[in-house]
$ cat entry.pdb   # PDB, C-alpha atoms and all ligand atoms
ATOM      1  CA  MET U 161     -27.544 -15.004 -29.577  1.00  0.00           C
ATOM      2  CA  THR U 162     -25.286 -13.100 -27.140  1.00  0.00           C
ATOM      3  CA  ALA U 163     -21.656 -12.471 -28.127  1.00  0.00           C
ATOM      4  CA  ALA U 164     -18.994 -14.315 -26.072  1.00  0.00           C
ATOM      5  CA  ASP U 165     -17.525 -12.188 -23.256  1.00  0.00           C
ATOM      6  CA  PRO U 166     -14.046 -11.163 -24.601  1.00  0.00           C
ATOM      7  CA  VAL U 167     -12.442 -11.031 -21.130  1.00  0.00           C
ATOM      8  CA  LYS U 168     -13.694 -14.547 -20.370  1.00  0.00           C
ATOM      9  CA  LEU U 169     -12.357 -15.733 -23.747  1.00  0.00           C
ATOM     10  CA  MET U 170      -8.917 -14.211 -23.022  1.00  0.00           C
ATOM     11  CA  LYS U 171      -8.785 -15.763 -19.542  1.00  0.00           C
ATOM     12  CA  GLN U 172      -9.820 -19.151 -20.909  1.00  0.00           C
ATOM     13  CA  GLU U 173      -7.220 -19.136 -23.679  1.00  0.00           C
ATOM     14  CA  VAL U 174      -4.344 -17.944 -21.508  1.00  0.00           C
ATOM     15  CA  GLY U 175      -5.283 -20.328 -18.684  1.00  0.00           C
ATOM     16  CA  LYS U 176      -5.250 -23.203 -21.143  1.00  0.00           C
ATOM     17  CA  ALA U 177      -1.939 -22.099 -22.717  1.00  0.00           C
ATOM     18  CA  ALA U 178      -0.263 -22.184 -19.296  1.00  0.00           C
ATOM     19  CA  ALA U 179      -1.658 -25.638 -18.499  1.00  0.00           C
ATOM     20  CA  ALA U 180      -0.160 -26.880 -21.791  1.00  0.00           C
ATOM     21  CA  LEU U 181       3.339 -25.943 -20.517  1.00  0.00           C
ATOM     22  CA  VAL U 182       3.161 -28.357 -17.570  1.00  0.00           C
ATOM     23  CA  LYS U 183       5.203 -31.537 -18.081  1.00  0.00           C
ATOM     24  CA  SER U 184       4.506 -34.998 -16.665  1.00  0.00           C
ATOM     25  CA  GLY U 185       6.110 -35.643 -13.280  1.00  0.00           C
ATOM     26  CA  SER U 186       5.945 -31.963 -12.226  1.00  0.00           C
ATOM     27  CA  ILE U 187       5.152 -30.410  -8.874  1.00  0.00           C
ATOM     28  CA  VAL U 188       2.831 -27.523  -9.789  1.00  0.00           C
ATOM     29  CA  GLY U 189       1.880 -24.418  -7.807  1.00  0.00           C
ATOM     30  CA  LEU U 190      -1.819 -23.797  -8.419  1.00  0.00           C
ATOM     31  CA  GLY U 191      -2.706 -20.099  -8.376  1.00  0.00           C
ATOM     32  CA  THR U 192      -5.950 -18.452  -7.363  1.00  0.00           C
ATOM     33  CA  GLY U 193      -8.553 -16.520  -9.365  1.00  0.00           C
ATOM     34  CA  SER U 194     -10.784 -16.806 -12.396  1.00  0.00           C
ATOM     35  CA  THR U 195      -7.899 -17.237 -14.888  1.00  0.00           C
ATOM     36  CA  THR U 196      -6.065 -19.992 -13.026  1.00  0.00           C
ATOM     37  CA  ALA U 197      -9.431 -21.718 -12.548  1.00  0.00           C
ATOM     38  CA  TYR U 198      -9.194 -22.483 -16.299  1.00  0.00           C
ATOM     39  CA  THR U 199      -5.587 -23.677 -15.842  1.00  0.00           C
ATOM     40  CA  ILE U 200      -6.680 -26.127 -13.145  1.00  0.00           C
ATOM     41  CA  GLN U 201      -9.590 -27.292 -15.289  1.00  0.00           C
ATOM     42  CA  TYR U 202      -7.316 -27.964 -18.301  1.00  0.00           C
ATOM     43  CA  LEU U 203      -4.706 -29.693 -16.128  1.00  0.00           C
ATOM     44  CA  GLY U 204      -7.502 -32.010 -14.989  1.00  0.00           C
ATOM     45  CA  GLU U 205      -8.561 -32.622 -18.601  1.00  0.00           C
ATOM     46  CA  ARG U 206      -4.973 -33.387 -19.677  1.00  0.00           C
ATOM     47  CA  LEU U 207      -4.646 -35.829 -16.763  1.00  0.00           C
ATOM     48  CA  GLN U 208      -7.932 -37.505 -17.632  1.00  0.00           C
ATOM     49  CA  SER U 209      -6.946 -37.952 -21.295  1.00  0.00           C
ATOM     50  CA  GLY U 210      -3.627 -39.538 -20.240  1.00  0.00           C
ATOM     51  CA  GLU U 211      -1.612 -36.875 -22.093  1.00  0.00           C
ATOM     52  CA  LEU U 212      -0.239 -35.714 -18.718  1.00  0.00           C
ATOM     53  CA  THR U 213       0.755 -38.067 -15.893  1.00  0.00           C
ATOM     54  CA  ASP U 214       2.163 -38.036 -12.407  1.00  0.00           C
ATOM     55  CA  ILE U 215       1.735 -34.368 -11.430  1.00  0.00           C
ATOM     56  CA  VAL U 216       0.927 -33.032  -7.966  1.00  0.00           C
ATOM     57  CA  GLY U 217      -0.429 -29.583  -7.195  1.00  0.00           C
ATOM     58  CA  ILE U 218       0.241 -27.219  -4.314  1.00  0.00           C
ATOM     59  CA  PRO U 219      -2.837 -25.004  -3.868  1.00  0.00           C
ATOM     60  CA  THR U 220      -2.474 -21.315  -3.004  1.00  0.00           C
ATOM     61  CA  SER U 221      -5.964 -20.985  -1.519  1.00  0.00           C
ATOM     62  CA  PHE U 222      -9.074 -22.803  -0.420  1.00  0.00           C
ATOM     63  CA  GLN U 223     -10.473 -21.944  -3.890  1.00  0.00           C
ATOM     64  CA  SER U 224      -7.651 -23.653  -5.805  1.00  0.00           C
ATOM     65  CA  GLU U 225      -7.796 -26.653  -3.459  1.00  0.00           C
ATOM     66  CA  VAL U 226     -11.521 -27.087  -4.136  1.00  0.00           C
ATOM     67  CA  LEU U 227     -11.032 -26.695  -7.916  1.00  0.00           C
ATOM     68  CA  ALA U 228      -8.149 -29.197  -7.966  1.00  0.00           C
ATOM     69  CA  LYS U 229     -10.323 -31.746  -6.180  1.00  0.00           C
ATOM     70  CA  GLU U 230     -13.215 -31.061  -8.572  1.00  0.00           C
ATOM     71  CA  TYR U 231     -11.039 -31.558 -11.689  1.00  0.00           C
ATOM     72  CA  GLY U 232      -9.027 -34.500 -10.334  1.00  0.00           C
ATOM     73  CA  VAL U 233      -5.630 -32.837  -9.862  1.00  0.00           C
ATOM     74  CA  PRO U 234      -3.820 -34.655  -6.997  1.00  0.00           C
ATOM     75  CA  LEU U 235      -2.607 -32.379  -4.215  1.00  0.00           C
ATOM     76  CA  THR U 236       0.323 -32.258  -1.836  1.00  0.00           C
ATOM     77  CA  THR U 237       1.750 -29.789   0.698  1.00  0.00           C
ATOM     78  CA  LEU U 238       5.021 -27.923   1.112  1.00  0.00           C
ATOM     79  CA  ASP U 239       5.934 -30.305   3.940  1.00  0.00           C
ATOM     80  CA  ALA U 240       6.023 -33.218   1.505  1.00  0.00           C
ATOM     81  CA  VAL U 241       8.158 -31.770  -1.327  1.00  0.00           C
ATOM     82  CA  ASP U 242      11.601 -30.193  -1.572  1.00  0.00           C
ATOM     83  CA  HIS U 243      10.877 -27.965  -4.572  1.00  0.00           C
ATOM     84  CA  ILE U 244       8.162 -26.702  -6.944  1.00  0.00           C
ATOM     85  CA  ASP U 245       8.844 -27.109 -10.670  1.00  0.00           C
ATOM     86  CA  ILE U 246       6.355 -24.598 -12.007  1.00  0.00           C
ATOM     87  CA  ALA U 247       3.771 -22.234 -10.556  1.00  0.00           C
ATOM     88  CA  ILE U 248       0.964 -20.694 -12.599  1.00  0.00           C
ATOM     89  CA  ASP U 249      -0.856 -17.725 -11.134  1.00  0.00           C
ATOM     90  CA  GLY U 250      -2.910 -14.697 -12.141  1.00  0.00           C
ATOM     91  CA  ALA U 251      -2.273 -11.030 -11.352  1.00  0.00           C
ATOM     92  CA  ASP U 252      -4.210  -7.794 -10.992  1.00  0.00           C
ATOM     93  CA  GLU U 253      -1.515  -5.584 -12.538  1.00  0.00           C
ATOM     94  CA  VAL U 254       1.687  -6.337 -14.485  1.00  0.00           C
ATOM     95  CA  ASP U 255       4.294  -3.643 -15.230  1.00  0.00           C
ATOM     96  CA  PRO U 256       6.883  -3.709 -18.063  1.00  0.00           C
ATOM     97  CA  HIS U 257       9.476  -5.229 -15.656  1.00  0.00           C
ATOM     98  CA  LYS U 258       7.086  -8.139 -14.893  1.00  0.00           C
ATOM     99  CA  ASN U 259       6.490  -6.794 -11.388  1.00  0.00           C
ATOM    100  CA  LEU U 260       2.989  -7.535 -10.170  1.00  0.00           C
ATOM    101  CA  ILE U 261       0.200  -6.509  -7.885  1.00  0.00           C
ATOM    102  CA  LYS U 262      -1.711  -9.555  -6.681  1.00  0.00           C
ATOM    103  CA  GLY U 263      -4.297 -10.208  -3.987  1.00  0.00           C
ATOM    104  CA  GLY U 264      -7.564  -9.363  -5.726  1.00  0.00           C
ATOM    105  CA  GLY U 265      -8.775 -12.669  -4.317  1.00  0.00           C
ATOM    106  CA  ALA U 266      -7.153 -12.020  -0.908  1.00  0.00           C
ATOM    107  CA  ALA U 267      -4.851 -15.011  -1.481  1.00  0.00           C
ATOM    108  CA  HIS U 268      -1.549 -13.165  -1.994  1.00  0.00           C
ATOM    109  CA  THR U 269       0.156 -14.481   1.165  1.00  0.00           C
ATOM    110  CA  ARG U 270       0.010 -18.147   0.168  1.00  0.00           C
ATOM    111  CA  GLU U 271       0.503 -17.194  -3.480  1.00  0.00           C
ATOM    112  CA  LYS U 272       3.741 -15.401  -2.627  1.00  0.00           C
ATOM    113  CA  VAL U 273       5.073 -18.421  -0.733  1.00  0.00           C
ATOM    114  CA  VAL U 274       4.331 -20.800  -3.603  1.00  0.00           C
ATOM    115  CA  ASP U 275       5.157 -18.510  -6.559  1.00  0.00           C
ATOM    116  CA  TYR U 276       8.553 -17.447  -5.137  1.00  0.00           C
ATOM    117  CA  LEU U 277       9.513 -21.060  -4.402  1.00  0.00           C
ATOM    118  CA  ALA U 278       8.837 -22.259  -7.938  1.00  0.00           C
ATOM    119  CA  ASP U 279      11.719 -22.909 -10.354  1.00  0.00           C
ATOM    120  CA  GLN U 280       9.548 -21.323 -13.024  1.00  0.00           C
ATOM    121  CA  PHE U 281       6.731 -18.860 -12.283  1.00  0.00           C
ATOM    122  CA  ILE U 282       4.276 -18.222 -15.096  1.00  0.00           C
ATOM    123  CA  VAL U 283       1.798 -15.352 -14.817  1.00  0.00           C
ATOM    124  CA  VAL U 284      -1.495 -15.576 -16.703  1.00  0.00           C
ATOM    125  CA  VAL U 285      -3.436 -12.376 -17.399  1.00  0.00           C
ATOM    126  CA  ASP U 286      -5.791 -10.786 -19.873  1.00  0.00           C
ATOM    127  CA  SER U 287      -4.437  -7.709 -21.642  1.00  0.00           C
ATOM    128  CA  GLY U 288      -6.445  -5.364 -19.374  1.00  0.00           C
ATOM    129  CA  LYS U 289      -3.986  -6.106 -16.548  1.00  0.00           C
ATOM    130  CA  LEU U 290      -0.972  -4.466 -18.251  1.00  0.00           C
ATOM    131  CA  VAL U 291       0.069  -1.097 -16.784  1.00  0.00           C
ATOM    132  CA  ASP U 292       3.042   1.229 -17.246  1.00  0.00           C
ATOM    133  CA  ARG U 293       3.404   1.674 -13.496  1.00  0.00           C
ATOM    134  CA  LEU U 294       2.145  -0.478 -10.593  1.00  0.00           C
ATOM    135  CA  GLY U 295      -0.716   1.071  -8.647  1.00  0.00           C
ATOM    136  CA  SER U 296      -2.138   2.881 -11.695  1.00  0.00           C
ATOM    137  CA  VAL U 297      -5.465   1.082 -11.438  1.00  0.00           C
ATOM    138  CA  PHE U 298      -5.353  -1.384  -8.570  1.00  0.00           C
ATOM    139  CA  ALA U 299      -4.765  -0.731  -4.862  1.00  0.00           C
ATOM    140  CA  VAL U 300      -2.093  -2.749  -3.031  1.00  0.00           C
ATOM    141  CA  PRO U 301      -3.711  -5.472  -0.867  1.00  0.00           C
ATOM    142  CA  VAL U 302      -2.141  -5.814   2.578  1.00  0.00           C
ATOM    143  CA  GLU U 303      -3.019  -8.774   4.833  1.00  0.00           C
ATOM    144  CA  VAL U 304      -3.164  -7.714   8.488  1.00  0.00           C
ATOM    145  CA  ILE U 305      -3.719  -9.680  11.692  1.00  0.00           C
ATOM    146  CA  PRO U 306      -7.047  -8.489  13.181  1.00  0.00           C
ATOM    147  CA  MET U 307      -5.739  -7.115  16.512  1.00  0.00           C
ATOM    148  CA  ALA U 308      -3.343  -4.795  14.655  1.00  0.00           C
ATOM    149  CA  ILE U 309      -5.795  -3.351  12.142  1.00  0.00           C
ATOM    150  CA  THR U 310      -5.953   0.191  13.644  1.00  0.00           C
ATOM    151  CA  PRO U 311      -2.190   0.742  14.150  1.00  0.00           C
ATOM    152  CA  VAL U 312      -1.458  -0.706  10.702  1.00  0.00           C
ATOM    153  CA  ILE U 313      -4.004   1.616   9.052  1.00  0.00           C
ATOM    154  CA  ASN U 314      -2.447   4.583  10.909  1.00  0.00           C
ATOM    155  CA  ALA U 315       1.073   3.559   9.836  1.00  0.00           C
ATOM    156  CA  ILE U 316      -0.044   3.234   6.204  1.00  0.00           C
ATOM    157  CA  LYS U 317      -1.539   6.759   6.320  1.00  0.00           C
ATOM    158  CA  GLN U 318       1.823   8.027   7.653  1.00  0.00           C
ATOM    159  CA  LEU U 319       3.438   6.519   4.533  1.00  0.00           C
ATOM    160  CA  GLY U 320       1.072   8.541   2.324  1.00  0.00           C
ATOM    161  CA  GLY U 321      -1.214   5.626   1.422  1.00  0.00           C
ATOM    162  CA  GLN U 322      -5.012   5.712   1.437  1.00  0.00           C
ATOM    163  CA  PRO U 323      -6.090   2.504   3.177  1.00  0.00           C
ATOM    164  CA  GLU U 324      -9.522   0.919   2.931  1.00  0.00           C
ATOM    165  CA  LEU U 325     -10.587  -2.188   4.824  1.00  0.00           C
ATOM    166  CA  ARG U 326     -11.865  -4.725   2.275  1.00  0.00           C
ATOM    167  CA  MET U 327     -15.497  -5.563   2.955  1.00  0.00           C
ATOM    168  CA  GLY U 328     -17.272  -8.823   2.114  1.00  0.00           C
ATOM    169  CA  VAL U 329     -19.768  -9.274  -0.706  1.00  0.00           C
ATOM    170  CA  LYS U 330     -22.818 -11.267   0.378  1.00  0.00           C
ATOM    171  CA  LYS U 331     -21.231 -11.261   3.858  1.00  0.00           C
ATOM    172  CA  ALA U 332     -21.606  -8.544   6.496  1.00  0.00           C
ATOM    173  CA  GLY U 333     -18.277  -7.205   7.753  1.00  0.00           C
ATOM    174  CA  PRO U 334     -14.720  -7.479   6.452  1.00  0.00           C
ATOM    175  CA  VAL U 335     -13.252 -10.095   4.121  1.00  0.00           C
ATOM    176  CA  ILE U 336     -11.479 -12.773   6.179  1.00  0.00           C
ATOM    177  CA  THR U 337      -8.536 -14.504   4.482  1.00  0.00           C
ATOM    178  CA  ASP U 338      -7.790 -18.236   4.434  1.00  0.00           C
ATOM    179  CA  GLN U 339      -5.482 -17.518   7.396  1.00  0.00           C
ATOM    180  CA  GLY U 340      -8.212 -15.730   9.415  1.00  0.00           C
ATOM    181  CA  ASN U 341      -6.868 -12.214   8.830  1.00  0.00           C
ATOM    182  CA  MET U 342      -8.186  -9.005   7.226  1.00  0.00           C
ATOM    183  CA  VAL U 343      -7.175  -7.180   4.045  1.00  0.00           C
ATOM    184  CA  VAL U 344      -6.528  -3.448   3.723  1.00  0.00           C
ATOM    185  CA  ASP U 345      -6.452  -2.165   0.122  1.00  0.00           C
ATOM    186  CA  VAL U 346      -4.037   0.739  -0.139  1.00  0.00           C
ATOM    187  CA  ARG U 347      -4.047   3.353  -2.892  1.00  0.00           C
ATOM    188  CA  PHE U 348      -0.834   5.290  -3.505  1.00  0.00           C
ATOM    189  CA  ASP U 349      -0.656   8.404  -5.704  1.00  0.00           C
ATOM    190  CA  SER U 350       2.364   6.886  -7.406  1.00  0.00           C
ATOM    191  CA  ILE U 351       4.462   3.773  -6.756  1.00  0.00           C
ATOM    192  CA  ASP U 352       7.922   4.877  -7.894  1.00  0.00           C
ATOM    193  CA  ASP U 353       9.894   2.092  -6.204  1.00  0.00           C
ATOM    194  CA  PRO U 354       7.873  -1.145  -5.840  1.00  0.00           C
ATOM    195  CA  VAL U 355      10.919  -3.049  -4.517  1.00  0.00           C
ATOM    196  CA  ASN U 356      11.211  -0.665  -1.582  1.00  0.00           C
ATOM    197  CA  LEU U 357       7.458  -0.306  -0.979  1.00  0.00           C
ATOM    198  CA  GLU U 358       7.087  -4.084  -0.684  1.00  0.00           C
ATOM    199  CA  LYS U 359       9.687  -4.136   2.098  1.00  0.00           C
ATOM    200  CA  VAL U 360       8.371  -1.013   3.874  1.00  0.00           C
ATOM    201  CA  LEU U 361       4.798  -2.354   4.025  1.00  0.00           C
ATOM    202  CA  ASN U 362       5.930  -5.760   5.279  1.00  0.00           C
ATOM    203  CA  ASN U 363       7.977  -4.060   7.978  1.00  0.00           C
ATOM    204  CA  ILE U 364       4.887  -2.592   9.714  1.00  0.00           C
ATOM    205  CA  PRO U 365       4.208  -4.732  12.818  1.00  0.00           C
ATOM    206  CA  GLY U 366       0.958  -6.652  12.291  1.00  0.00           C
ATOM    207  CA  VAL U 367       1.311  -6.912   8.505  1.00  0.00           C
ATOM    208  CA  LEU U 368       1.537 -10.511   7.351  1.00  0.00           C
ATOM    209  CA  GLU U 369       2.159  -9.920   3.628  1.00  0.00           C
ATOM    210  CA  ASN U 370       1.395  -7.448   0.852  1.00  0.00           C
ATOM    211  CA  GLY U 371       0.473  -7.992  -2.791  1.00  0.00           C
ATOM    212  CA  ILE U 372       3.539  -6.454  -4.482  1.00  0.00           C
ATOM    213  CA  PHE U 373       5.496  -9.241  -6.230  1.00  0.00           C
ATOM    214  CA  VAL U 374       8.883  -8.102  -7.557  1.00  0.00           C
ATOM    215  CA  ASN U 375      11.603  -9.948  -9.475  1.00  0.00           C
ATOM    216  CA  CYS U 376       9.822 -13.292  -9.426  1.00  0.00           C
ATOM    217  CA  ALA U 377       7.800 -13.733 -12.640  1.00  0.00           C
ATOM    218  CA  ASP U 378       9.704 -15.630 -15.333  1.00  0.00           C
ATOM    219  CA  ILE U 379       7.111 -15.551 -18.098  1.00  0.00           C
ATOM    220  CA  VAL U 380       3.924 -13.520 -18.492  1.00  0.00           C
ATOM    221  CA  LEU U 381       1.304 -15.000 -20.805  1.00  0.00           C
ATOM    222  CA  ILE U 382      -1.159 -12.355 -21.993  1.00  0.00           C
ATOM    223  CA  GLY U 383      -4.554 -13.208 -23.428  1.00  0.00           C
ATOM    224  CA  GLU U 384      -5.735 -10.800 -26.130  1.00  0.00           C
ATOM    225  CA  VAL U 385      -8.548 -10.679 -28.647  1.00  0.00           C
ATOM    226  CA  VAL U 386      -7.380  -9.936 -32.200  1.00  0.00           C
ATOM    227  CA  ASP U 387      -9.977  -9.740 -34.989  1.00  0.00           C
ATOM    228  CA  GLY U 388     -12.488 -11.345 -32.662  1.00  0.00           C
ATOM    229  CA  GLN U 389     -10.193 -14.311 -31.957  1.00  0.00           C
ATOM    230  CA  PRO U 390      -8.448 -14.962 -28.617  1.00  0.00           C
ATOM    231  CA  VAL U 391      -4.647 -15.150 -28.941  1.00  0.00           C
ATOM    232  CA  VAL U 392      -1.851 -15.552 -26.385  1.00  0.00           C
ATOM    233  CA  ARG U 393       1.258 -13.358 -26.361  1.00  0.00           C
ATOM    234  CA  ARG U 394       4.316 -14.030 -24.198  1.00  0.00           C
ATOM    235  CA  ILE U 395       6.725 -11.595 -22.557  1.00  0.00           C
TER
HETATM  236  O1  LIG A   1      -3.977 -12.491  -6.881  1.00  0.00           O
HETATM  237  C1  LIG A   1      -4.978 -13.126  -7.071  1.00  0.00           C
HETATM  238  C2  LIG A   1      -5.800 -13.687  -5.984  1.00  0.00           C
HETATM  239  O2  LIG A   1      -5.340 -13.268  -4.729  1.00  0.00           O
HETATM  240  C3  LIG A   1      -5.442 -13.393  -8.471  1.00  0.00           C
HETATM  241  O3  LIG A   1      -4.468 -14.141  -9.114  1.00  0.00           O
HETATM  242  C4  LIG A   1      -5.689 -12.091  -9.151  1.00  0.00           C
HETATM  243  O4  LIG A   1      -6.648 -11.361  -8.405  1.00  0.00           O
HETATM  244  C5  LIG A   1      -6.179 -12.280 -10.592  1.00  0.00           C
HETATM  245  O5  LIG A   1      -7.438 -12.874 -10.585  1.00  0.00           O
HETATM  246  P1  LIG A   1      -8.274 -13.148 -11.917  1.00  0.00           P
HETATM  247  O6  LIG A   1      -7.548 -14.206 -12.689  1.00  0.00           O
HETATM  248  O7  LIG A   1      -9.630 -13.590 -11.405  1.00  0.00           O
HETATM  249  O8  LIG A   1      -8.364 -11.860 -12.695  1.00  0.00           O
END

$ encode --input "entry.pdb" --output "structure tokens" --more "lines below"
Ligand SMILES: O=C(CO)[C@H](O)[C@H](O)COP(=O)(O)O
Amino acid sequence: MTAADPVKLMKQEVGKAAAALVKSGSIVGLGTGSTTAYTIQYLGERLQSGELTDIVGIPTSFQSEVLAKEYGVPLTTLDAVDHIDIAIDGADEVDPHKNLIKGGGAAHTREKVVDYLADQFIVVVDSGKLVDRLGSVFAVPVEVIPMAITPVINAIKQLGGQPELRMGVKKAGPVITDQGNMVVDVRFDSIDDPVNLEKVLNNIPGVLENGIFVNCADIVLIGEVVDGQPVVRRI
């Protein structure tokens, strides 16, 4: 018998814990990634059991839209609502100030729109995503319109970043986002001021959005394995 994958267990538990926080009647931002996939699944199960009623989801990607349809979570759009009660989304890095790097799934542009609009934004991660300083492990994803890819890459190099065009897996050529753009992953030796770097990157003509999320997460739920058992800690 093979042992259960601990990272999968942590993602499952934390995804489920976040889904349990959603109240009936809520408008819910549905994040993207393997952790929020469990959130969407458990929201669907709570709806099916009748424990949860009358929620609508706002997807942050084609992936979350497909999952919501699969698990029976009704969907709406930002044109049809005047607020979002709660958004639940994953992250690639979380620092001690609850600042984030997102965009591992190339969905950070729509995620930023939805997560920042929500009255309450809950981040769901496994403990491997915690860092002392943003950029320690993960590069900063930057979504760029295709005609501007060369000048944007040059501008990023001028800032001291090391840009790399994200390439597809099982697809020749670059990753194309849900908006039809490309993603440049940028490594920085050290991100001392994420608030400023977010603004500087977004100020380069041709950049649509970058994956630094500052001052927006209300709660971070962290999945951990303690004595072989998955547990959820909250900061
Ligand atoms: O930002 C994201 C997608 O753009 C994801 O939320 C992030 O990459 C975390 O994904 P996972 O839950 O699969 O680890």

$ closest_residue --input "entry.pdb" --among "U:Leu190, U:Val297, U:Cys376, U:Val226" --to "Tyr276 (chain U)" --atoms "only C-alpha atoms"
U:Cys376

$ axis_aligned_box --input "entry.pdb" --around "ligand LIG 1 (chain A)" --padding-each-side "8 Å" --output "lines of an AutoDock Vina configuration file"
center_x = -6.8
center_y = -12.8
center_z = -8.7
size_x = 21.7
size_y = 18.8
size_z = 24.0

$ residues_near_ligand --input "entry.pdb" --ligand "ligand LIG 1 (chain A)" --cutoff "8 Å" --atoms "only C-alpha atoms and all ligand atoms" --output "mmCIF file with C-alpha atoms, keeping the file's coordinate frame"
data_model
loop_
_atom_site.group_PDB
_atom_site.id
_atom_site.type_symbol
_atom_site.label_atom_id
_atom_site.label_comp_id
_atom_site.auth_asym_id
_atom_site.auth_seq_id
_atom_site.Cartn_x
_atom_site.Cartn_y
_atom_site.Cartn_z
ATOM 1 C CA LYS U 171 -8.785 -15.763 -19.542
ATOM 2 C CA GLY U 191 -2.706 -20.099 -8.376
ATOM 3 C CA THR U 192 -5.950 -18.452 -7.363
ATOM 4 C CA GLY U 193 -8.553 -16.520 -9.365
ATOM 5 C CA SER U 194 -10.784 -16.806 -12.396
ATOM 6 C CA THR U 195 -7.899 -17.237 -14.888
ATOM 7 C CA THR U 196 -6.065 -19.992 -13.026
ATOM 8 C CA ALA U 197 -9.431 -21.718 -12.548
ATOM 9 C CA ASP U 249 -0.856 -17.725 -11.134
ATOM 10 C CA GLY U 250 -2.910 -14.697 -12.141
ATOM 11 C CA ALA U 251 -2.273 -11.030 -11.352
ATOM 12 C CA ASP U 252 -4.210 -7.794 -10.992
ATOM 13 C CA ILE U 261 0.200 -6.509 -7.885
ATOM 14 C CA LYS U 262 -1.711 -9.555 -6.681
ATOM 15 C CA GLY U 263 -4.297 -10.208 -3.987
ATOM 16 C CA GLY U 264 -7.564 -9.363 -5.726
ATOM 17 C CA GLY U 265 -8.775 -12.669 -4.317
ATOM 18 C CA ALA U 266 -7.153 -12.020 -0.908
ATOM 19 C CA ALA U 267 -4.851 -15.011 -1.481
ATOM 20 C CA HIS U 268 -1.549 -13.165 -1.994
ATOM 21 C CA GLU U 271 0.503 -17.194 -3.480
ATOM 22 C CA VAL U 284 -1.495 -15.576 -16.703
ATOM 23 C CA VAL U 285 -3.436 -12.376 -17.399
ATOM 24 C CA ASP U 286 -5.791 -10.786 -19.873
ATOM 25 C CA GLY U 371 0.473 -7.992 -2.791
#

$ residues_around --input "entry.pdb" --residues "Lys176 (chain U)" --least-positions-apart "4" --cutoff "12 Å" --atoms "all atoms listed in the file" --output "PyMOL selection string"
chain U and resi 169-172+180-182+195-206+248+284-285+381-383+390-392

$ closest_residue --input "entry.pdb" --among "U:Ala179, U:Asp255, U:Thr220, U:Leu235" --to "Arg270 (chain U)" --atoms "all atoms listed in the file"
U:Thr220

$ atom_distance --input "entry.pdb" --atom1 "CA of Leu227 (chain U)" --atom2 "CA of Ser209 (chain U)"
18.0 Å

$ closest_residue --input "entry.pdb" --among "U:Val167, U:Ala377, U:Leu368, U:Val360" --to "Glu303 (chain U)" --atoms "all atoms listed in the file"
U:Leu368

$ closest_residue --input "entry.pdb" --among "U:Asp338, U:Asp345, U:Asp292, U:Asp378" --to "Lys317 (chain U)" --atoms "all atoms listed in the file"
U:Asp345

$ atom_distance --input "entry.pdb" --atom1 "CA of Asp242 (chain U)" --atom2 "CA of Leu207 (chain U)"
22.9 Å

$ closest_residue --input "entry.pdb" --among "U:Glu230, U:Glu358, U:Glu211, U:Asp275" --to "Asn370 (chain U)" --atoms "only C-alpha atoms"
U:Glu358

$ residues_around --input "entry.pdb" --residues "Gly295 (chain U)" --least-positions-apart "4" --cutoff "12 Å" --atoms "all atoms listed in the file" --output "PyMOL selection string"
chain U and resi 252-255+259-262+289-291+299-301+321-322+345-354+357+371-372

$ atom_distance --input "entry.pdb" --atom1 "CA of Ile187 (chain U)" --atom2 "CA of Ile215 (chain U)"
5.8 Å

$ closest_residue --input "entry.pdb" --among "U:Val312, U:Val302, U:Val344, U:Val374" --to "Asn356 (chain U)" --atoms "all atoms listed in the file"
U:Val374

$ decode --input "entry.pdb" --residues "region 304-327 of chain U" --atoms "C-alpha atoms" --output "compact mmCIF listing (two decimals), in the first residue's frame"
# COMPACT_ATOMS: atom_id res chain seq x y z
CA VAL U 304 2.09 40.78 -20.71
CA ILE U 305 0.20 41.56 -23.91
CA PRO U 306 1.94 39.65 -26.74
CA MET U 307 3.00 42.63 -28.90
CA ALA U 308 4.88 44.15 -25.95
CA ILE U 309 6.79 41.06 -24.85
CA THR U 310 10.27 42.25 -25.97
CA PRO U 311 10.12 45.81 -24.54
CA VAL U 312 8.63 44.50 -21.29
CA ILE U 313 11.40 41.89 -20.92
CA ASN U 314 14.01 44.63 -21.56
CA ALA U 315 12.38 46.94 -18.99
CA ILE U 316 12.33 44.14 -16.39
CA LYS U 317 16.06 43.51 -16.96
CA GLN U 318 16.68 47.25 -16.39
CA LEU U 319 14.96 46.84 -13.00
CA GLY U 320 17.41 44.07 -12.08
CA GLY U 321 14.98 41.18 -12.63
CA GLN U 322 15.75 37.96 -14.48
CA PRO U 323 12.76 37.37 -16.76
CA GLU U 324 11.82 34.05 -18.33
CA LEU U 325 8.93 33.55 -20.73
CA ARG U 326 6.71 30.79 -19.32
CA MET U 327 6.53 27.88 -21.74
